[in-house]
Each structure stands twice: as structure tokens, then as C-alpha cells.
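Some notes on the structure that comes next.
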Amino acid sequence: LGYCTTADGSHCTLPDFAPKRTLKKPSIIELVSTSIRDFVDVLKTPNGRFDSVCCINKNPLKPSLDYDGKRAIAHTECSLSDFNDIRKAAGPDITVNDVLTACWGGTLRRYLDRENDPALKQTAQQLLLRGLAPAAFPRPTVPGKVFVKMAFVVFRFPVHLSTVTERIRFVNKEWTSLKTSPKIPITDLIASNTLKLGLDNLLIDVNNKLWHRTSFIFSNVPGPREPIYMFGKKVVTLRPYYCNLIHQVIFFSYDGKITLSMVLDTNYLKPDQLISCFHEELEVMKREILNKS
């Protein structure tokens with residue numbers, strides 16, 4: 001935002017997106033127990049189970065990840081207030097990120113249903129579609145410098161659950177657990193020290209195995225709440241895209257709207273169909289959660 005200004009011409013700065021709720025801190029015994037469990041889990045996941053083979057992701061059938069050039073970008077927009085309204089109606093502990101993740105899980109479930117995918121006949125334990133989310137660490141504000149430090153964490157989309165309420169509650173529990181567990185700093189510690197030891201190829205191999213076993217890179221980025229201007233022109237929308245070996249999904253909020261930007265492997269996914277499923281799921285969430293409240 002270095003060259004951006006607000007409507008009155010003043011320099012544009014990002015608002016403080018501090019957590020709106022205080023999470024319960026674990027006891028020493030709980031911290032030690034979860035640290036051991038999470039350390040084992042972080043090491044085990046790259047060599048563990050693959051996501052379910054379905055029309056969304058057939059990467060498990062490949063011996064390794066590859067890029068064949070068949071990627072398409074797609075996007076759609078909707079009102080940020082819809083997600084805020086659902087958040088407020090769903091409960092005091094629910095966040096916008098919970099609602100977005102639940103909505104995307106419902107979108108994927110609808111897509112499987114439209115495609116008559118046999119994966120939906122699997123049990124809740126068997127049906128597995130996971131995402132990798134970049135978890136950012138607190139960053140210092142230094143004039144003229146950009147500081148970014150993050151670690152990718154694995155989480156499960158609630159595709160195995162059939163109702164909106166179940167999906168919202170599931171992802172709330174999932175994200176709360178990740179935010180209060182040492183899994184993110186453990187992941188960062190392992191990656192940082194692997195690089196310091198010069199074991200770059202080992203880290204690349206582990207990351208490839210991890211991405212091979214998951215289905216999406218998923219992120220939710222809060223942007224400026226008010227319109228911004230660049231070189232005297234109003235920025236109408238922001239659509240971030242990043243090409244990856246697996247599907248990439250980025251939610252970006254700006255000026256009262258939220259943009260869903262996607263880079264999809266078109267060997268499997270149909271962008272128009274996926275966008276249609278997203279809007280259908282959002283309408284169902286509004287109808288079920290807002291009417292219930």
C-alpha cells in the first residue's frame with residue numbers, strides 16, 4: 001500500500017486486524033501433551049494418508065505431483081456483509097474465517113453431488129479433503145520494509161458433513177484447535193532449522209509429499225475496509241492469484257466486498273460449475289442460519 005491513498009488523499013495504512021476474541025490458554029500439562037502429539041503429527045502427515053480420490057482431486061493416483069500447464073483462473077464476488085451476518089447469527093465464538101471455510105466445504109460437497117461422485121457414498125471417516133493454509137506470525141511494522149513469516153498448516157474441509165450448522169461448528173473447532181496448539185510454531189521450527197542445516201532438497205521433498213496428499217491451498221486475506229486510490233485512480237477490486245501444483249483458493253475482502261480468486265487444475269475442476277456451487281451454498285447458509293436466528 002506504499003503508493004495508495006484514501007479518499008481524502010492521506011496515506012493508506014492497513015487497519016489492525018487483531019483477534020476479536022480471547023482464546024483459552026492451555027495448561028502446562030496440556031501444552032506438553034499437545035506438543036508431543038503435534039510434533040509426531042507434523043512429521044507423519046507428509047508420509048500419511050492421501051485425500052479421497054474424486055472428481056475434485058485425483059493427485060493421489062499420480063506417483064508424484066506435476067504441472068502440465070492446464071490451469072485456469074476464475075473469480076467471483078459477493079457482499080462481505082453476508083458473511084458478517086452469518087457469523088453474528090451463528091454464535092459469539094464464530095469468526096468470518098469459520099464461515100468462509102464452512103462455505104467452501106459446502107461448495108465442494110455440492111460439486112461432488114452435482115458430478116454424482118461416488119466419494120459422497122463414503123463414510124464420514126473415509127471422505128477426506130484437506131487444505132493447506134498459510135498461518136502468518138506477528139510482524140513488526142518497520143517503515144520502508146516488508147516482513148512476512150508464515151508456516152503452512154494442514155486442516156480438514158467439512159465435506160463429510162451434510163448440514164450447514166455441522167460444517168460451521170466443525171471448522172470453528174478445527175481452527176480454534178490450530179490457533180491454540182503448538183503445531184504452527186513446531187512446523188516453522190522444523191522448516192527453519194532444516195534450511196539452516198542446508199537441507200533444502202529434503203524440505204522440498206517433504207513439501208511435495210505434503211501437497212501431494214492435500215487438495216487446496218486455502219487463504220483468507222482481510223484487506224482495506226475503505227476504498228483506496230493508486231496514482232489518483234480508485235482501486236475497484238483486488239483479485240490475487242497464485243499458480244500452484246494443486247488448486248489455489250484466496251478469499252480477499254476489500255471495501256465491503258469479498259472476492260473469491262481461484263487457480264484451478266482444469267483436468268478435474270470445472271470453474272463455472274464450482275462458482276455456481278459457491279453461490280448456491282452461500283444462499284443456503286443465509287437461509288438456514290439467518291432465518292433460524
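Naming works like this for the C-alpha cells: A, B, ... for the chains as they're shown, residue 1 at the start of each chain, ligands 1 onward in shown order.
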
- [ ] Could you find all residues in stretch 177-263 of chain A that DSSP calls helix (DSSP H, G or I) from the backbone, and write them as a ChimeraX atom specification?
- [x] /A:177-180,183-196,200-212

Open item on the list: Quick one: residues within 8 Å of stretch 177-193 of chain A, only C-alpha atoms, excluding same-chain residues fewer than 6 positions away - as number ranges by chain?
Closed with: A: 23-26, 31, 34-35, 38-39, 42, 135, 150-153, 203

May I have the residues from that selection written out with N, CA, C and O atoms, as a tab-separated table (two decimals), in the first residue's frame?
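As a result, result.tsv now contains:
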chain	number	residue	atom	x	y	z
A	23	LEU	N	-8.66	-16.53	23.19
A	23	LEU	CA	-8.69	-17.98	23.24
A	23	LEU	C	-8.12	-18.48	24.56
A	23	LEU	O	-7.20	-17.88	25.12
A	24	LYS	N	-8.71	-19.55	25.06
A	24	LYS	CA	-8.25	-20.12	26.32
A	24	LYS	C	-6.84	-20.68	26.16
A	24	LYS	O	-6.56	-21.44	25.23
A	25	LYS	N	-5.95	-20.30	27.07
A	25	LYS	CA	-4.59	-20.81	27.03
A	25	LYS	C	-4.52	-22.17	27.70
A	25	LYS	O	-5.08	-22.37	28.77
A	26	PRO	N	-3.81	-23.11	27.08
A	26	PRO	CA	-3.72	-24.45	27.67
A	26	PRO	C	-2.83	-24.45	28.91
A	26	PRO	O	-1.96	-23.60	29.06
A	31	LEU	N	-0.11	-28.37	27.29
A	31	LEU	CA	0.85	-27.88	26.29
A	31	LEU	C	1.91	-28.94	25.98
A	31	LEU	O	2.24	-29.16	24.80
A	34	THR	N	0.10	-31.84	24.01
A	34	THR	CA	-0.22	-31.48	22.62
A	34	THR	C	1.04	-31.25	21.79
A	34	THR	O	1.05	-31.50	20.58
A	35	SER	N	2.10	-30.75	22.43
A	35	SER	CA	3.36	-30.53	21.70
A	35	SER	C	3.92	-31.83	21.17
A	35	SER	O	4.37	-31.92	20.03
A	38	ASP	N	1.50	-33.08	18.42
A	38	ASP	CA	1.59	-32.28	17.19
A	38	ASP	C	2.93	-32.48	16.49
A	38	ASP	O	2.99	-32.46	15.25
A	39	PHE	N	4.00	-32.65	17.25
A	39	PHE	CA	5.31	-32.89	16.64
A	39	PHE	C	5.29	-34.19	15.83
A	39	PHE	O	5.77	-34.24	14.69
A	42	VAL	N	3.09	-33.62	12.68
A	42	VAL	CA	3.76	-32.84	11.64
A	42	VAL	C	4.74	-33.72	10.85
A	42	VAL	O	4.85	-33.61	9.62
A	135	ALA	N	-0.31	-19.75	7.79
A	135	ALA	CA	-0.53	-19.10	9.08
A	135	ALA	C	0.57	-18.07	9.30
A	135	ALA	O	1.75	-18.42	9.38
A	150	MET	N	5.58	-17.03	7.68
A	150	MET	CA	4.40	-17.88	7.78
A	150	MET	C	4.79	-19.35	7.70
A	150	MET	O	5.89	-19.70	7.27
A	151	ALA	N	3.86	-20.19	8.14
A	151	ALA	CA	4.03	-21.63	8.05
A	151	ALA	C	2.72	-22.22	7.55
A	151	ALA	O	1.64	-21.76	7.92
A	152	PHE	N	2.81	-23.22	6.70
A	152	PHE	CA	1.61	-23.86	6.17
A	152	PHE	C	1.12	-24.94	7.12
A	152	PHE	O	1.90	-25.79	7.56
A	153	VAL	N	-0.17	-24.90	7.42
A	153	VAL	CA	-0.75	-25.87	8.34
A	153	VAL	C	-1.88	-26.63	7.62
A	153	VAL	O	-2.61	-26.06	6.81
A	203	LEU	N	13.67	-30.53	2.45
A	203	LEU	CA	12.48	-29.74	2.73
A	203	LEU	C	11.56	-29.68	1.50
A	203	LEU	O	10.34	-29.78	1.63

- [ ] Report the distance between atom CA of A:Glu174 and atom CA of A:Val159 in Å, rounded to one decimal place.
- [x] 13.4 Å

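Minimum atom-to-atom distance to A:Asp66, evaluated using only C-alpha atoms, belongs to A:Asp265 out of A:Asp265, A:Asp93, A:Glu226, A:Asp98.
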
TODO: Between atom CA of A:Ala72 and atom CA of A:Gln273, measure the distance and give it in Å to one decimal.
DONE: 13.2 Å

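Using only C-alpha atoms for every distance, the candidate list A:Phe278, A:Tyr268, A:Tyr242, A:Tyr229 yields A:Tyr229 as the residue closest to A:Gly9.
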
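Distances from A:Ile275, A:Leu65, A:Ile29, A:Ile258 to A:Trp104 were compared using only C-alpha atoms, and the smallest one belongs to A:Ile275.
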
Task: Atomic separation - atom CA of A:Pro46 relative to atom CA of A:Pro222, Å - done: 29.5 Å

Open item on the list: Considering only strand (DSSP E) as DSSP defines it on the backbone, what residues of stretch 30-266 of chain A qualify? List them as a PyMOL selection string.
Closed with: chain A and resi 71-79+130-136+150-156+216-222+229-230+233-234+247-254+257-265
